[in-house]
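A.B. asks: File name entry.txt; file contents compact mmCIF, C-alpha atoms; full text below.
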```txt
# COMPACT_ATOMS: atom_id res chain seq x y z
CA MET A 306 35.31 -38.11 -24.40
CA LEU A 307 34.86 -41.89 -24.41
CA ILE A 308 33.28 -44.02 -21.69
CA ASP A 309 33.51 -47.81 -21.92
CA PHE A 310 30.44 -49.32 -20.25
CA HIS A 311 31.57 -52.95 -20.52
CA THR A 312 34.99 -54.11 -19.29
CA HIS A 313 36.36 -56.90 -17.15
CA CYS A 314 39.33 -57.30 -14.84
CA PHE A 315 40.19 -59.46 -11.86
CA PRO A 316 42.21 -59.38 -8.66
CA ASP A 317 45.90 -59.66 -9.51
CA LYS A 318 46.32 -63.05 -7.85
CA ILE A 319 43.71 -64.75 -10.05
CA ALA A 320 43.78 -62.65 -13.23
CA SER A 321 46.12 -64.90 -15.20
CA ARG A 322 44.18 -68.08 -14.39
CA ALA A 323 40.82 -66.41 -15.08
CA ILE A 324 41.89 -65.11 -18.49
CA GLU A 325 43.46 -68.43 -19.47
CA LYS A 326 40.32 -70.36 -18.52
CA LEU A 327 37.93 -67.97 -20.25
CA SER A 328 40.03 -67.95 -23.40
CA TYR A 329 40.16 -71.75 -23.48
CA VAL A 330 36.42 -72.38 -23.02
CA SER A 331 35.61 -69.69 -25.61
CA GLY A 332 37.60 -71.35 -28.36
CA GLY A 333 40.98 -69.73 -27.81
CA LEU A 334 39.90 -66.08 -27.95
CA GLU A 335 42.93 -63.80 -27.74
CA PRO A 336 42.84 -61.31 -24.84
CA TYR A 337 44.07 -57.74 -25.33
CA THR A 338 44.93 -57.19 -21.64
CA ASP A 339 46.24 -59.55 -18.96
CA GLY A 340 43.06 -59.17 -16.92
CA THR A 341 44.52 -56.95 -14.19
CA VAL A 342 43.32 -53.50 -13.20
CA SER A 343 46.66 -52.00 -14.20
CA SER A 344 46.48 -53.50 -17.70
CA LEU A 345 42.93 -52.19 -18.11
CA LYS A 346 44.12 -48.71 -17.20
CA SER A 347 47.04 -49.01 -19.60
CA SER A 348 44.64 -50.01 -22.36
CA MET A 349 42.39 -47.07 -21.50
CA GLU A 350 45.30 -44.65 -21.75
CA LYS A 351 46.47 -46.15 -25.03
CA GLU A 352 43.02 -45.96 -26.63
CA ASN A 353 41.88 -42.64 -25.13
CA VAL A 354 39.15 -44.07 -22.91
CA ASN A 355 38.30 -41.64 -20.11
CA ALA A 356 36.34 -43.99 -17.85
CA SER A 357 35.41 -47.66 -17.71
CA VAL A 358 32.63 -49.62 -16.07
CA VAL A 359 34.11 -52.84 -14.68
CA LEU A 360 31.68 -55.76 -14.61
CA SER A 361 32.22 -58.78 -12.37
CA ILE A 362 30.10 -61.91 -12.06
CA ALA A 363 29.36 -64.03 -8.98
CA THR A 364 29.22 -67.57 -10.38
CA ASN A 365 28.19 -69.08 -7.04
CA ALA A 366 26.73 -67.91 -3.74
CA HIS A 367 30.08 -68.03 -1.94
CA GLN A 368 31.65 -65.59 -4.42
CA GLN A 369 29.19 -62.78 -3.84
CA LYS A 370 30.97 -61.06 -0.98
CA SER A 371 34.48 -61.32 -2.44
CA VAL A 372 33.33 -60.19 -5.90
CA ASN A 373 31.64 -57.14 -4.43
CA ASP A 374 34.53 -56.39 -2.07
CA PHE A 375 36.85 -56.39 -5.11
CA ALA A 376 34.50 -54.07 -6.97
CA TYR A 377 34.49 -51.72 -3.99
CA SER A 378 38.28 -51.80 -3.77
CA ILE A 379 38.78 -50.58 -7.35
CA ASN A 380 35.76 -48.28 -7.66
CA ASN A 381 36.83 -44.65 -7.56
CA GLY A 382 33.96 -42.86 -9.29
CA LYS A 383 36.41 -41.11 -11.62
CA ASP A 384 37.93 -43.39 -14.23
CA ILE A 385 36.71 -46.71 -12.78
CA PHE A 386 33.05 -47.42 -12.02
CA ALA A 387 32.89 -50.98 -10.74
CA PHE A 388 29.57 -52.83 -10.57
CA GLY A 389 28.75 -55.63 -8.18
CA SER A 390 27.05 -58.96 -8.80
CA VAL A 391 24.72 -61.37 -7.00
CA PHE A 392 24.13 -65.06 -7.51
CA PRO A 393 20.44 -65.70 -8.33
CA TYR A 394 20.12 -68.72 -6.02
CA SER A 395 21.85 -67.21 -3.01
CA GLU A 396 19.82 -67.25 0.21
CA ASP A 397 21.08 -63.80 1.16
CA ILE A 398 20.70 -62.20 -2.24
CA MET A 399 18.49 -59.35 -1.00
CA ASP A 400 20.93 -58.49 1.80
CA GLU A 401 23.83 -58.53 -0.66
CA LEU A 402 21.97 -56.17 -2.98
CA GLU A 403 21.54 -53.83 -0.03
CA ARG A 404 25.27 -54.09 0.67
CA ILE A 405 26.11 -53.30 -2.97
CA LYS A 406 24.10 -50.11 -2.58
CA GLU A 407 25.78 -49.30 0.75
CA LEU A 408 29.22 -49.81 -0.83
CA GLY A 409 28.41 -47.03 -3.28
CA LEU A 410 28.42 -49.24 -6.37
CA LYS A 411 26.09 -48.00 -9.08
CA GLY A 412 24.95 -51.29 -10.55
CA VAL A 413 25.05 -55.06 -10.89
CA LYS A 414 26.06 -57.46 -13.65
CA LEU A 415 24.10 -60.65 -14.32
CA HIS A 416 25.19 -63.35 -16.75
CA PRO A 417 22.49 -66.04 -17.14
CA ASP A 418 24.77 -68.59 -18.80
CA TYR A 419 27.57 -68.30 -16.25
CA GLN A 420 25.02 -68.23 -13.42
CA GLY A 421 22.63 -70.90 -14.69
CA PHE A 422 19.30 -69.11 -14.99
CA ASN A 423 16.86 -67.72 -17.55
CA VAL A 424 16.34 -63.99 -17.36
CA ASP A 425 12.56 -64.35 -17.67
CA ASP A 426 12.23 -66.90 -14.86
CA ILE A 427 9.39 -65.68 -12.63
CA LYS A 428 11.60 -66.43 -9.61
CA MET A 429 13.80 -63.52 -10.66
CA LYS A 430 10.98 -60.97 -10.44
CA PRO A 431 11.52 -60.17 -6.72
CA VAL A 432 15.25 -59.77 -7.37
CA TYR A 433 14.62 -57.32 -10.20
CA ARG A 434 12.11 -55.45 -8.06
CA LYS A 435 14.70 -55.13 -5.29
CA ILE A 436 17.34 -53.88 -7.73
CA SER A 437 14.84 -51.31 -8.98
CA GLU A 438 13.92 -50.27 -5.45
CA LEU A 439 17.60 -49.59 -4.76
CA GLY A 440 17.96 -47.60 -7.98
CA LEU A 441 20.77 -49.76 -9.31
CA ILE A 442 21.67 -50.17 -12.98
CA THR A 443 21.57 -53.76 -14.28
CA VAL A 444 23.82 -54.96 -17.07
CA PHE A 445 22.86 -58.30 -18.62
CA HIS A 446 25.00 -60.44 -20.86
CA ALA A 447 22.70 -61.24 -23.78
CA GLY A 448 22.61 -63.52 -26.78
CA ASN A 449 25.07 -66.30 -27.55
CA ASP A 450 28.08 -67.04 -25.39
CA TYR A 451 31.16 -68.56 -27.01
CA GLY A 452 31.95 -70.56 -23.88
CA TYR A 453 28.57 -72.33 -23.62
CA PRO A 454 26.30 -74.38 -25.86
CA PRO A 455 22.67 -73.35 -26.52
CA PRO A 456 20.02 -72.84 -25.30
CA TYR A 457 20.98 -69.44 -23.91
CA GLY A 458 19.41 -67.70 -20.94
CA ALA A 459 19.14 -64.15 -22.30
CA THR A 460 17.86 -64.33 -25.86
CA PRO A 461 16.00 -61.19 -27.04
CA ASP A 462 12.55 -62.74 -26.52
CA LYS A 463 13.44 -63.65 -22.92
CA MET A 464 14.99 -60.23 -22.30
CA ALA A 465 11.81 -58.53 -23.56
CA LYS A 466 9.87 -60.26 -20.77
CA ALA A 467 12.46 -59.65 -18.08
CA ILE A 468 12.78 -55.90 -18.57
CA GLU A 469 9.07 -55.50 -17.81
CA TRP A 470 9.91 -56.26 -14.15
CA PHE A 471 12.34 -53.35 -13.80
CA SER A 472 11.80 -49.70 -13.00
CA SER A 473 15.52 -48.85 -12.89
CA PRO A 474 17.87 -48.70 -15.90
CA VAL A 475 18.72 -51.92 -17.74
CA VAL A 476 21.61 -52.28 -20.18
CA VAL A 477 21.43 -55.29 -22.49
CA ALA A 478 24.94 -56.05 -23.67
CA HIS A 479 26.27 -56.67 -27.18
CA TRP A 480 23.76 -54.58 -29.14
CA GLY A 481 20.93 -56.53 -27.48
CA GLY A 482 22.46 -59.99 -27.95
CA VAL A 483 25.57 -61.56 -29.50
CA GLY A 484 24.64 -62.88 -32.95
CA CYS A 485 20.94 -62.13 -32.46
CA GLY A 486 20.42 -59.14 -34.76
CA GLU A 487 17.12 -60.26 -36.30
CA ASP A 488 15.57 -61.14 -32.95
CA VAL A 489 16.86 -57.95 -31.31
CA ILE A 490 15.04 -55.96 -33.98
CA LYS A 491 11.90 -58.07 -33.53
CA HIS A 492 11.73 -58.21 -29.71
CA LEU A 493 13.76 -55.37 -28.14
CA CYS A 494 14.15 -52.39 -30.45
CA GLY A 495 12.12 -49.40 -29.29
CA LYS A 496 11.66 -50.65 -25.72
CA ASP A 497 12.79 -48.66 -22.69
CA VAL A 498 16.17 -50.34 -22.39
CA TYR A 499 19.76 -49.52 -23.28
CA PHE A 500 22.08 -51.63 -25.42
CA ASP A 501 25.83 -51.50 -25.09
CA THR A 502 28.02 -51.82 -28.16
CA SER A 503 30.48 -54.35 -26.73
CA TYR A 504 31.90 -57.37 -28.53
CA ALA A 505 30.21 -56.47 -31.81
CA TYR A 506 33.00 -55.76 -34.30
CA GLY A 507 33.16 -58.62 -36.78
CA THR A 508 30.43 -60.72 -35.15
CA GLN A 509 27.53 -60.20 -37.57
CA PRO A 510 26.72 -58.24 -40.74
CA LYS A 511 26.82 -54.46 -40.56
CA TYR A 512 23.20 -54.49 -41.78
CA TYR A 513 21.95 -55.51 -38.33
CA PHE A 514 23.81 -52.74 -36.51
CA GLU A 515 22.42 -50.17 -38.95
CA LYS A 516 18.87 -51.47 -38.44
CA ILE A 517 19.19 -51.59 -34.65
CA LEU A 518 20.52 -48.03 -34.61
CA GLU A 519 17.65 -46.91 -36.84
CA LYS A 520 14.91 -48.64 -34.86
CA HIS A 521 16.25 -48.27 -31.32
CA GLY A 522 17.91 -44.87 -31.49
CA ALA A 523 21.32 -43.53 -30.51
CA HIS A 524 19.82 -42.20 -27.25
CA ARG A 525 19.53 -45.81 -26.05
CA LEU A 526 23.07 -46.96 -26.89
CA VAL A 527 26.18 -46.83 -24.70
CA PHE A 528 29.69 -47.56 -25.90
CA GLY A 529 31.33 -50.77 -24.69
CA THR A 530 34.15 -53.11 -25.65
CA ASP A 531 34.09 -56.27 -23.50
CA THR A 532 37.77 -55.70 -22.70
CA PRO A 533 39.92 -57.81 -22.61
CA TRP A 534 38.23 -59.53 -25.58
CA HIS A 535 37.76 -56.50 -27.83
CA THR A 536 39.32 -53.04 -27.83
CA ALA A 537 37.96 -49.52 -28.05
CA ASN A 538 39.58 -49.06 -31.44
CA MET A 539 37.84 -52.17 -32.77
CA GLU A 540 34.38 -51.07 -31.64
CA MET A 541 34.91 -47.48 -32.80
CA ARG A 542 35.79 -48.79 -36.27
CA LEU A 543 32.35 -50.38 -36.37
CA ILE A 544 30.56 -47.29 -35.04
CA ASN A 545 32.40 -45.00 -37.45
CA SER A 546 31.28 -47.20 -40.34
CA LEU A 547 27.60 -46.71 -39.53
CA ASN A 548 25.29 -44.06 -40.96
CA ILE A 549 25.34 -41.81 -37.90
CA ASN A 550 25.75 -38.08 -37.33
CA GLU A 551 28.26 -36.57 -34.91
CA GLU A 552 25.62 -35.58 -32.34
CA ASP A 553 24.34 -39.14 -32.09
CA LYS A 554 27.90 -40.49 -32.03
CA GLU A 555 28.63 -38.33 -28.98
CA LYS A 556 25.55 -39.76 -27.25
CA ILE A 557 26.90 -43.26 -27.76
CA LYS A 558 30.50 -42.41 -26.89
CA HIS A 559 29.81 -40.72 -23.57
CA LYS A 560 26.64 -38.66 -23.10
CA ASN A 561 24.25 -41.55 -22.43
CA ALA A 562 26.74 -43.16 -20.07
CA GLN A 563 27.26 -39.89 -18.23
CA LYS A 564 23.52 -39.66 -17.67
CA LEU A 565 23.32 -43.24 -16.36
CA LEU A 566 26.34 -42.91 -14.09
CA GLY A 567 25.59 -39.39 -12.89
CA ILE A 568 28.79 -37.92 -14.32
CA ASN A 569 28.79 -34.16 -14.85
CA GLY A 570 30.42 -32.48 -17.81
```
Output the file's structure as structure tokens, nothing else.
C.D. replies:
Amino acid sequence: MLIDFHTHCFPDKIASRAIEKLSYVSGGLEPYTDGTVSSLKSSMEKENVNASVVLSIATNAHQQKSVNDFAYSINNGKDIFAFGSVFPYSEDIMDELERIKELGLKGVKLHPDYQGFNVDDIKMKPVYRKISELGLITVFHAGNDYGYPPPYGATPDKMAKAIEWFSSPVVVAHWGGVGCGEDVIKHLCGKDVYFDTSYAYGTQPKYYFEKILEKHGAHRLVFGTDTPWHTANMEMRLINSLNINEEDKEKIKHKNAQKLLGING
């Protein structure tokens, strides 16, 4: 079984424009799907992925409702688990978090660079407390972002502060931060937080992934791809190259995700 905890897709009417824009600002990255739900499902079937978590991002206050309505429309609790999003500076952010819970979505995605905030900003503490109160999972983009210049809003040192304000599960994407292996080891390894394995293949030396696995533990890792930008086969090539036993590999591939998402079996 394989569960992908980090994927993206868009409503059909905007998918093409969204993918084109994201590819352009990120230096011409080549997408492996066309950004639609149907192409995500086709990719899942091709690469033997049983379920995917779809992560959307509200990049302004006006997008919140439509982003979360889209998530609700595709969320089926079987092969698609769609998370919602809130914009940090929205006046009705607390109400929208309540609505995300009422819609039956299991979590939220926050991207500090797309949304213009630092994860350790004290103003975010009430938001994190509310997310925790509702029992939602939070997935953070972390580390560098190819579409933005530094400084970045979710470096490992900032993430280490932010996670102290949560009492519900937090997943820090990209093995704790794109291109931040040394600082992930220094600031995040061993803390009560999950890392996903998305967008890792070919991004930094294998040494860092081995060290993070050793110091953080397979019980705190969930498989992810960042589809459409990487594929399951790419990320599994990396995982299969690491010094890891089959029991721990199964934790990463699906068992930890099943626990987080409440999936039986």
A.B. asks: For CA of Phe500 (chain A) and CA of Gly481 (chain A), quote the distance in Å rounded to one decimal.
C.D. replies: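 Taking CA of Phe500 (chain A) and CA of Gly481 (chain A), their separation equals 5.4 Å.
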A.B. asks: Separation of CA of Ile549 (chain A) and CA of Leu360 (chain A), in Å?
C.D. replies: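 Between CA of Ile549 (chain A) and CA of Leu360 (chain A) the gap works out to 27.9 Å.
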A.B. asks: Write out, as JSON lines, each residue of region 412-529 of chain A that has an atom at most 7 Å from region 367-388 of chain A, together with the closest pair of atoms and their distance in Å to one decimal, counting all atoms listed in the file, rows going by chain and rising number.
C.D. replies:
```
{"residue": "A:Gly412", "atom": "CA", "partner": "A:Phe388", "partner_atom": "CA", "distance": 4.9}
{"residue": "A:Val413", "atom": "CA", "partner": "A:Phe388", "partner_atom": "CA", "distance": 5.1}
{"residue": "A:Lys414", "atom": "CA", "partner": "A:Phe388", "partner_atom": "CA", "distance": 6.6}
```
A.B. asks: With all atoms listed in the file as the atoms that count, which of A:Gly389, A:Gly484, A:Gly421, A:Gly340 lies nearest to Leu441 (chain A)?
C.D. replies: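 For Leu441 (chain A), the nearest of the candidates is A:Gly389.
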A.B. asks: Need to verify the contact set: Ala505 (chain A), 9 Å, only C-alpha atoms, exclusion of same-chain residues closer than 4 positions in sequence. Can you return it as an MDAnalysis selection string?
C.D. replies: chainID A and resid 479:480 483:484 509 514 530 535 539:540 543
A.B. asks: Kindly indicate which residue among A:Leu565, A:Met464, A:Ile490, A:Ile544 lies nearest to Ser503 (chain A), using all atoms listed in the file for the distances.
C.D. replies: A:Ile544
A.B. asks: Extending 4 Å beyond the listed atoms of region 508-527 of chain A on each side, what axis-aligned box results? I want centre and edge lengths in Å to one decimal, as lines of an AutoDock Vina configuration file.
C.D. replies:
```
center_x = 22.7
center_y = -51.5
center_z = -33.2
size_x = 23.5
size_y = 26.5
size_z = 25.1
```
A.B. asks: Would you pick out the contacts of Leu345 (chain A) at 10 Å or less, using all atoms listed in the file, so that residues sharing its chain but fewer than 3 positions from it are not included, and give the list as a JSON list (two decimals) with C-alpha atoms, keeping the file's coordinate frame?
C.D. replies:
```json
[["chain", "number", "residue", "atom", "x", "y", "z"],
["A", 312, "THR", "CA", 34.99, -54.11, -19.29],
["A", 313, "HIS", "CA", 36.36, -56.90, -17.15],
["A", 314, "CYS", "CA", 39.33, -57.30, -14.84],
["A", 315, "PHE", "CA", 40.19, -59.46, -11.86],
["A", 337, "TYR", "CA", 44.07, -57.74, -25.33],
["A", 338, "THR", "CA", 44.93, -57.19, -21.64],
["A", 339, "ASP", "CA", 46.24, -59.55, -18.96],
["A", 340, "GLY", "CA", 43.06, -59.17, -16.92],
["A", 341, "THR", "CA", 44.52, -56.95, -14.19],
["A", 342, "VAL", "CA", 43.32, -53.50, -13.20],
["A", 348, "SER", "CA", 44.64, -50.01, -22.36],
["A", 349, "MET", "CA", 42.39, -47.07, -21.50],
["A", 350, "GLU", "CA", 45.30, -44.65, -21.75],
["A", 351, "LYS", "CA", 46.47, -46.15, -25.03],
["A", 357, "SER", "CA", 35.41, -47.66, -17.71],
["A", 359, "VAL", "CA", 34.11, -52.84, -14.68],
["A", 385, "ILE", "CA", 36.71, -46.71, -12.78],
["A", 532, "THR", "CA", 37.77, -55.70, -22.70],
["A", 533, "PRO", "CA", 39.92, -57.81, -22.61]]
```
A.B. asks: Of the candidates A:Met306, A:Val475, A:Leu410, A:Ile442, which one gets nearest to Phe528 (chain A) if we count all atoms listed in the file?
C.D. replies: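 So, comparing all the options, the nearest one is A:Met306.
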A.B. asks: Do a neighbour search on Lys560 (chain A) at 10 Å with all atoms listed in the file, toss out local chain neighbours closer than 5 positions, and write the hits as a list in words.
C.D. replies: Met306, Leu307, Ile308, His524, Leu526, Val527, Phe528, Glu552, Asp553, Lys554, Glu555, Leu565, Leu566, Ile568, Asn569 and Gly570 of chain A
A.B. asks: I need the residue nearest Ser390 (chain A) from this list: A:Thr460, A:Ser361, A:Gln563, A:Gln420. Use all atoms listed in the file for the distance.
C.D. replies: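 Nearest to Ser390 (chain A): A:Ser361.
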A.B. asks: Under the rule that only C-alpha atoms are counted, which of A:Leu493, A:Val424, A:Val432, A:Val476 is the nearest residue to Asp400 (chain A)?
C.D. replies: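 Selected residue with least distance to Asp400 (chain A): A:Val432.
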A.B. asks: Region 444-499 of chain A from the block above, C-alpha atoms, as a PDB file, in the first residue's frame, please?
C.D. replies:
```
ATOM      1  CA  VAL A 444       0.867  20.616   6.617  1.00  0.00           C
ATOM      2  CA  PHE A 445       3.477  23.355   6.198  1.00  0.00           C
ATOM      3  CA  HIS A 446       5.592  24.002   3.157  1.00  0.00           C
ATOM      4  CA  ALA A 447       9.111  24.300   4.572  1.00  0.00           C
ATOM      5  CA  GLY A 448      12.544  25.365   3.438  1.00  0.00           C
ATOM      6  CA  ASN A 449      13.390  27.024   0.131  1.00  0.00           C
ATOM      7  CA  ASP A 450      10.826  27.683  -2.559  1.00  0.00           C
ATOM      8  CA  TYR A 451      11.945  27.754  -6.184  1.00  0.00           C
ATOM      9  CA  GLY A 452       9.407  30.437  -7.032  1.00  0.00           C
ATOM     10  CA  TYR A 453      10.524  32.965  -4.389  1.00  0.00           C
ATOM     11  CA  PRO A 454      13.760  34.618  -3.289  1.00  0.00           C
ATOM     12  CA  PRO A 455      15.016  34.356   0.313  1.00  0.00           C
ATOM     13  CA  PRO A 456      14.432  34.963   3.156  1.00  0.00           C
ATOM     14  CA  TYR A 457      11.954  32.116   3.564  1.00  0.00           C
ATOM     15  CA  GLY A 458       9.128  31.936   6.074  1.00  0.00           C
ATOM     16  CA  ALA A 459       9.473  28.326   7.219  1.00  0.00           C
ATOM     17  CA  THR A 460      13.145  27.584   7.765  1.00  0.00           C
ATOM     18  CA  PRO A 461      13.839  24.799  10.305  1.00  0.00           C
ATOM     19  CA  ASP A 462      14.676  27.231  13.117  1.00  0.00           C
ATOM     20  CA  LYS A 463      11.376  29.065  12.596  1.00  0.00           C
ATOM     21  CA  MET A 464       9.454  25.792  12.334  1.00  0.00           C
ATOM     22  CA  ALA A 465      10.963  24.603  15.631  1.00  0.00           C
ATOM     23  CA  LYS A 466       9.362  27.601  17.367  1.00  0.00           C
ATOM     24  CA  ALA A 467       6.031  27.331  15.580  1.00  0.00           C
ATOM     25  CA  ILE A 468       5.366  23.680  16.390  1.00  0.00           C
ATOM     26  CA  GLU A 469       5.501  24.488  20.105  1.00  0.00           C
ATOM     27  CA  TRP A 470       2.118  26.224  19.683  1.00  0.00           C
ATOM     28  CA  PHE A 471       0.352  23.103  18.391  1.00  0.00           C
ATOM     29  CA  SER A 472      -1.261  20.204  20.182  1.00  0.00           C
ATOM     30  CA  SER A 473      -2.564  18.552  16.995  1.00  0.00           C
ATOM     31  CA  PRO A 474      -0.426  16.811  14.351  1.00  0.00           C
ATOM     32  CA  VAL A 475       1.953  18.892  12.234  1.00  0.00           C
ATOM     33  CA  VAL A 476       3.566  17.671   9.018  1.00  0.00           C
ATOM     34  CA  VAL A 477       6.588  19.652   7.849  1.00  0.00           C
ATOM     35  CA  ALA A 478       6.986  19.078   4.131  1.00  0.00           C
ATOM     36  CA  HIS A 479      10.059  18.119   2.115  1.00  0.00           C
ATOM     37  CA  TRP A 480      11.947  16.168   4.799  1.00  0.00           C
ATOM     38  CA  GLY A 481      11.679  19.205   7.094  1.00  0.00           C
ATOM     39  CA  GLY A 482      12.681  21.799   4.502  1.00  0.00           C
ATOM     40  CA  VAL A 483      13.746  21.930   0.843  1.00  0.00           C
ATOM     41  CA  GLY A 484      17.544  22.177   0.716  1.00  0.00           C
ATOM     42  CA  CYS A 485      17.844  22.575   4.499  1.00  0.00           C
ATOM     43  CA  GLY A 486      19.275  19.205   5.549  1.00  0.00           C
ATOM     44  CA  GLU A 487      21.861  20.515   8.013  1.00  0.00           C
ATOM     45  CA  ASP A 488      19.403  22.837   9.745  1.00  0.00           C
ATOM     46  CA  VAL A 489      16.666  20.185   9.820  1.00  0.00           C
ATOM     47  CA  ILE A 490      19.056  17.912  11.708  1.00  0.00           C
ATOM     48  CA  LYS A 491      20.032  20.754  14.045  1.00  0.00           C
ATOM     49  CA  HIS A 492      16.584  22.227  14.789  1.00  0.00           C
ATOM     50  CA  LEU A 493      13.823  19.694  14.053  1.00  0.00           C
ATOM     51  CA  CYS A 494      15.023  16.109  14.251  1.00  0.00           C
ATOM     52  CA  GLY A 495      13.644  14.289  17.282  1.00  0.00           C
ATOM     53  CA  LYS A 496      10.813  16.753  17.906  1.00  0.00           C
ATOM     54  CA  ASP A 497       7.159  15.703  17.983  1.00  0.00           C
ATOM     55  CA  VAL A 498       6.480  16.498  14.348  1.00  0.00           C
ATOM     56  CA  TYR A 499       6.141  14.566  11.104  1.00  0.00           C
TER      57      TYR A 499
END
```
